[in-house]
Amino acid sequence: MNPEGRRYLVVLTGERERPHFHLFLKRQNPEIIVTFCESLEQLEAAVLRRNGAVRILAFLTDLIVPGWLLGKLAKTPYNIHPGPPGYPGSHPESFALWNG
């Protein structure tokens with residue numbers, strides 16, 4: 001939590017997933033402030049606007065968060081991919097199909 005007592009979450013995900021995430025997150029904590037970003041510029045602005053007092057949640061995104069920006073975060077970021085441990089990273093279904 002930041003000095004204002006508010007929780008800020010920056011979500012990196014696609015347009016299709018956005019409304020589902022927003023609804024789910026608001027059900028868990030109606031007070032949470034959620035910002036969705038699609039570009040590095042939007043992400044930088046969101047993190048710097050709150051002096052790093054945000055948590056980043058990346059889901060199904062190919063956006064790479066630079067190390068210097070991760071270093072400014074006061075909270076641990078999470079990067080979630082739907083693939084199993086044998087196919088980590090992006091597009092796990094493509095690699096699974098390739099390997100039969």
# chains A, B, ... in the order shown; residues from 1 in each chain; ligands from 1
$ select_by_dssp --residues "chain A" --states "helix (DSSP H, G or I)" --output "PyMOL selection string"
chain A and resi 18-28+40-49+67-70+92-98
$ residues_around --residues "Trp68 of chain A" --least-positions-apart "5" --cutoff "12 Å" --atoms "only C-alpha atoms" --output "list in words"
Glu44, Val47, Leu48, Gly52 and Leu73 of chain A
$ residues_around --residues "His91 of chain A" --least-positions-apart "5" --cutoff "12 Å" --atoms "only C-alpha atoms" --output "tab-separated table (two decimals) with N, CA and C atoms, in the first residue's frame"
chain	number	residue	atom	x	y	z
A	59	PHE	N	-0.04	-10.44	-18.30
A	59	PHE	CA	-0.75	-11.66	-18.68
A	59	PHE	C	-0.94	-11.66	-20.19
A	60	LEU	N	-0.38	-12.66	-20.84
A	60	LEU	CA	-0.51	-12.79	-22.29
A	60	LEU	C	-0.07	-11.53	-23.03
A	61	THR	N	1.09	-11.05	-22.69
A	61	THR	CA	1.62	-9.86	-23.36
A	61	THR	C	3.02	-10.15	-23.86
A	62	ASP	N	3.39	-9.49	-24.94
A	62	ASP	CA	4.76	-9.61	-25.43
A	62	ASP	C	5.59	-8.38	-25.07
A	81	HIS	N	1.93	-16.70	-17.64
A	81	HIS	CA	1.74	-17.32	-18.95
A	81	HIS	C	0.92	-18.58	-18.75
A	82	PRO	N	0.04	-18.89	-19.67
A	82	PRO	CA	-0.83	-20.05	-19.48
A	82	PRO	C	-0.18	-21.39	-19.80
A	83	GLY	N	1.05	-21.39	-20.22
A	83	GLY	CA	1.70	-22.63	-20.62
A	83	GLY	C	2.18	-23.46	-19.44
A	84	PRO	N	2.36	-24.75	-19.65
A	84	PRO	CA	2.88	-25.62	-18.60
A	84	PRO	C	4.39	-25.42	-18.44
A	96	ALA	N	4.21	-26.55	-28.29
A	96	ALA	CA	3.65	-27.85	-27.99
A	96	ALA	C	3.21	-28.54	-29.27
A	97	LEU	N	2.56	-27.81	-30.16
A	97	LEU	CA	2.14	-28.38	-31.45
A	97	LEU	C	3.35	-28.79	-32.28
A	98	TRP	N	4.36	-27.95	-32.30
A	98	TRP	CA	5.57	-28.23	-33.08
A	98	TRP	C	6.21	-29.54	-32.64
$ select_by_dssp --residues "segment 9-57 of chain A" --states "strand (DSSP E)" --output "count of residues only"
12
$ residues_around --residues "segment 36-42 of chain A" --least-positions-apart "5" --cutoff "10 Å" --atoms "only C-alpha atoms" --output "CSV table (one decimal) with C-alpha atoms, in the first residue's frame"
chain,number,residue,atom,x,y,z
A,9,LEU,CA,-2.1,-2.3,-10.1
A,10,VAL,CA,-0.8,-1.9,-13.6
A,11,VAL,CA,-2.0,-4.7,-15.9
A,12,LEU,CA,-0.3,-5.6,-19.2
A,13,THR,CA,-2.7,-7.6,-21.2
A,14,GLY,CA,-4.6,-7.6,-24.5
A,15,GLU,CA,-7.9,-5.9,-25.3
A,18,ARG,CA,-9.0,-6.5,-20.2
A,21,PHE,CA,-9.5,-8.8,-15.5
A,22,HIS,CA,-11.1,-5.5,-14.5
A,47,VAL,CA,4.9,3.6,-12.9
A,56,ILE,CA,2.7,-4.9,-12.4
A,57,LEU,CA,0.7,-7.9,-13.5
A,58,ALA,CA,1.6,-9.1,-17.0
A,61,THR,CA,1.6,-9.9,-23.4
A,62,ASP,CA,4.8,-9.6,-25.4
A,63,LEU,CA,5.7,-6.3,-23.8
A,64,ILE,CA,9.1,-6.6,-22.2
A,65,VAL,CA,9.5,-4.5,-19.0
A,66,PRO,CA,13.1,-3.0,-19.0
A,69,LEU,CA,11.8,0.2,-14.7
$ atom_distance --atom1 "atom CA of Arg7 of chain A" --atom2 "atom CA of Ala74 of chain A"
11.8 Å
$ decode --residues "segment 54-82 of chain A" --atoms "N, CA, C and O atoms" --output "JSON list (two decimals), in the first residue's frame"
[["chain", "number", "residue", "atom", "x", "y", "z"],
["A", 54, "VAL", "N", 3.43, 0.76, -7.32],
["A", 54, "VAL", "CA", 2.43, -0.02, -8.06],
["A", 54, "VAL", "C", 2.92, -1.46, -8.17],
["A", 54, "VAL", "O", 4.10, -1.74, -7.98],
["A", 55, "ARG", "N", 2.01, -2.34, -8.47],
["A", 55, "ARG", "CA", 2.38, -3.72, -8.80],
["A", 55, "ARG", "C", 2.04, -3.92, -10.27],
["A", 55, "ARG", "O", 0.99, -3.48, -10.73],
["A", 56, "ILE", "N", 2.93, -4.56, -11.00],
["A", 56, "ILE", "CA", 2.69, -4.87, -12.41],
["A", 56, "ILE", "C", 2.25, -6.32, -12.50],
["A", 56, "ILE", "O", 2.88, -7.20, -11.92],
["A", 57, "LEU", "N", 1.18, -6.54, -13.25],
["A", 57, "LEU", "CA", 0.71, -7.88, -13.55],
["A", 57, "LEU", "C", 0.68, -8.02, -15.06],
["A", 57, "LEU", "O", -0.05, -7.28, -15.74],
["A", 58, "ALA", "N", 1.51, -8.89, -15.60],
["A", 58, "ALA", "CA", 1.57, -9.12, -17.05],
["A", 58, "ALA", "C", 0.91, -10.46, -17.35],
["A", 58, "ALA", "O", 1.24, -11.47, -16.74],
["A", 59, "PHE", "N", -0.04, -10.44, -18.30],
["A", 59, "PHE", "CA", -0.75, -11.66, -18.68],
["A", 59, "PHE", "C", -0.94, -11.66, -20.19],
["A", 59, "PHE", "O", -1.57, -10.76, -20.74],
["A", 60, "LEU", "N", -0.38, -12.66, -20.84],
["A", 60, "LEU", "CA", -0.51, -12.79, -22.29],
["A", 60, "LEU", "C", -0.07, -11.53, -23.03],
["A", 60, "LEU", "O", -0.78, -11.02, -23.88],
["A", 61, "THR", "N", 1.09, -11.05, -22.69],
["A", 61, "THR", "CA", 1.62, -9.86, -23.36],
["A", 61, "THR", "C", 3.02, -10.15, -23.86],
["A", 61, "THR", "O", 3.75, -10.94, -23.27],
["A", 62, "ASP", "N", 3.39, -9.49, -24.94],
["A", 62, "ASP", "CA", 4.76, -9.61, -25.43],
["A", 62, "ASP", "C", 5.59, -8.38, -25.07],
["A", 62, "ASP", "O", 6.72, -8.24, -25.48],
["A", 63, "LEU", "N", 5.01, -7.50, -24.28],
["A", 63, "LEU", "CA", 5.72, -6.31, -23.84],
["A", 63, "LEU", "C", 6.79, -6.70, -22.83],
["A", 63, "LEU", "O", 6.51, -7.42, -21.85],
["A", 64, "ILE", "N", 8.01, -6.28, -23.06],
["A", 64, "ILE", "CA", 9.13, -6.58, -22.17],
["A", 64, "ILE", "C", 9.39, -5.36, -21.29],
["A", 64, "ILE", "O", 9.65, -4.26, -21.79],
["A", 65, "VAL", "N", 9.30, -5.57, -20.00],
["A", 65, "VAL", "CA", 9.52, -4.47, -19.04],
["A", 65, "VAL", "C", 11.02, -4.36, -18.81],
["A", 65, "VAL", "O", 11.66, -5.31, -18.38],
["A", 66, "PRO", "N", 11.60, -3.19, -19.12],
["A", 66, "PRO", "CA", 13.05, -3.04, -18.95],
["A", 66, "PRO", "C", 13.48, -3.11, -17.49],
["A", 66, "PRO", "O", 12.73, -2.74, -16.59],
["A", 67, "GLY", "N", 14.70, -3.58, -17.27],
["A", 67, "GLY", "CA", 15.24, -3.73, -15.93],
["A", 67, "GLY", "C", 15.23, -2.46, -15.12],
["A", 67, "GLY", "O", 14.95, -2.49, -13.92],
["A", 68, "TRP", "N", 15.54, -1.33, -15.76],
["A", 68, "TRP", "CA", 15.58, -0.07, -15.00],
["A", 68, "TRP", "C", 14.20, 0.27, -14.45],
["A", 68, "TRP", "O", 14.09, 0.83, -13.35],
["A", 69, "LEU", "N", 13.14, -0.10, -15.19],
["A", 69, "LEU", "CA", 11.79, 0.20, -14.73],
["A", 69, "LEU", "C", 11.39, -0.78, -13.61],
["A", 69, "LEU", "O", 10.76, -0.38, -12.63],
["A", 70, "LEU", "N", 11.78, -2.04, -13.75],
["A", 70, "LEU", "CA", 11.53, -3.01, -12.68],
["A", 70, "LEU", "C", 12.22, -2.57, -11.38],
["A", 70, "LEU", "O", 11.68, -2.76, -10.29],
["A", 71, "GLY", "N", 13.38, -1.97, -11.52],
["A", 71, "GLY", "CA", 14.13, -1.49, -10.36],
["A", 71, "GLY", "C", 13.45, -0.37, -9.61],
["A", 71, "GLY", "O", 13.76, -0.11, -8.45],
["A", 72, "LYS", "N", 12.52, 0.31, -10.23],
["A", 72, "LYS", "CA", 11.80, 1.41, -9.60],
["A", 72, "LYS", "C", 10.57, 0.94, -8.82],
["A", 72, "LYS", "O", 9.96, 1.71, -8.09],
["A", 73, "LEU", "N", 10.21, -0.34, -8.99],
["A", 73, "LEU", "CA", 8.99, -0.84, -8.35],
["A", 73, "LEU", "C", 9.19, -1.10, -6.87],
["A", 73, "LEU", "O", 10.20, -1.68, -6.46],
["A", 74, "ALA", "N", 8.20, -0.72, -6.08],
["A", 74, "ALA", "CA", 8.21, -1.00, -4.65],
["A", 74, "ALA", "C", 7.58, -2.36, -4.35],
["A", 74, "ALA", "O", 7.72, -2.86, -3.24],
["A", 75, "LYS", "N", 6.90, -2.93, -5.34],
["A", 75, "LYS", "CA", 6.21, -4.21, -5.14],
["A", 75, "LYS", "C", 6.65, -5.21, -6.20],
["A", 75, "LYS", "O", 6.99, -4.84, -7.31],
["A", 76, "THR", "N", 6.62, -6.48, -5.86],
["A", 76, "THR", "CA", 7.02, -7.55, -6.77],
["A", 76, "THR", "C", 6.07, -7.62, -7.96],
["A", 76, "THR", "O", 4.86, -7.70, -7.77],
["A", 77, "PRO", "N", 6.60, -7.62, -9.18],
["A", 77, "PRO", "CA", 5.74, -7.78, -10.36],
["A", 77, "PRO", "C", 5.50, -9.27, -10.63],
["A", 77, "PRO", "O", 6.27, -10.12, -10.20],
["A", 78, "TYR", "N", 4.41, -9.54, -11.35],
["A", 78, "TYR", "CA", 4.09, -10.91, -11.72],
["A", 78, "TYR", "C", 3.89, -11.00, -13.23],
["A", 78, "TYR", "O", 3.23, -10.15, -13.82],
["A", 79, "ASN", "N", 4.44, -12.05, -13.82],
["A", 79, "ASN", "CA", 4.31, -12.32, -15.24],
["A", 79, "ASN", "C", 3.67, -13.70, -15.38],
["A", 79, "ASN", "O", 4.28, -14.70, -15.00],
["A", 80, "ILE", "N", 2.45, -13.75, -15.90],
["A", 80, "ILE", "CA", 1.70, -14.99, -15.96],
["A", 80, "ILE", "C", 1.54, -15.44, -17.40],
["A", 80, "ILE", "O", 1.10, -14.68, -18.26],
["A", 81, "HIS", "N", 1.93, -16.70, -17.64],
["A", 81, "HIS", "CA", 1.74, -17.32, -18.95],
["A", 81, "HIS", "C", 0.92, -18.58, -18.75],
["A", 81, "HIS", "O", 1.11, -19.29, -17.77],
["A", 82, "PRO", "N", 0.04, -18.89, -19.67],
["A", 82, "PRO", "CA", -0.83, -20.05, -19.48],
["A", 82, "PRO", "C", -0.18, -21.39, -19.80],
["A", 82, "PRO", "O", -0.80, -22.42, -19.65]]
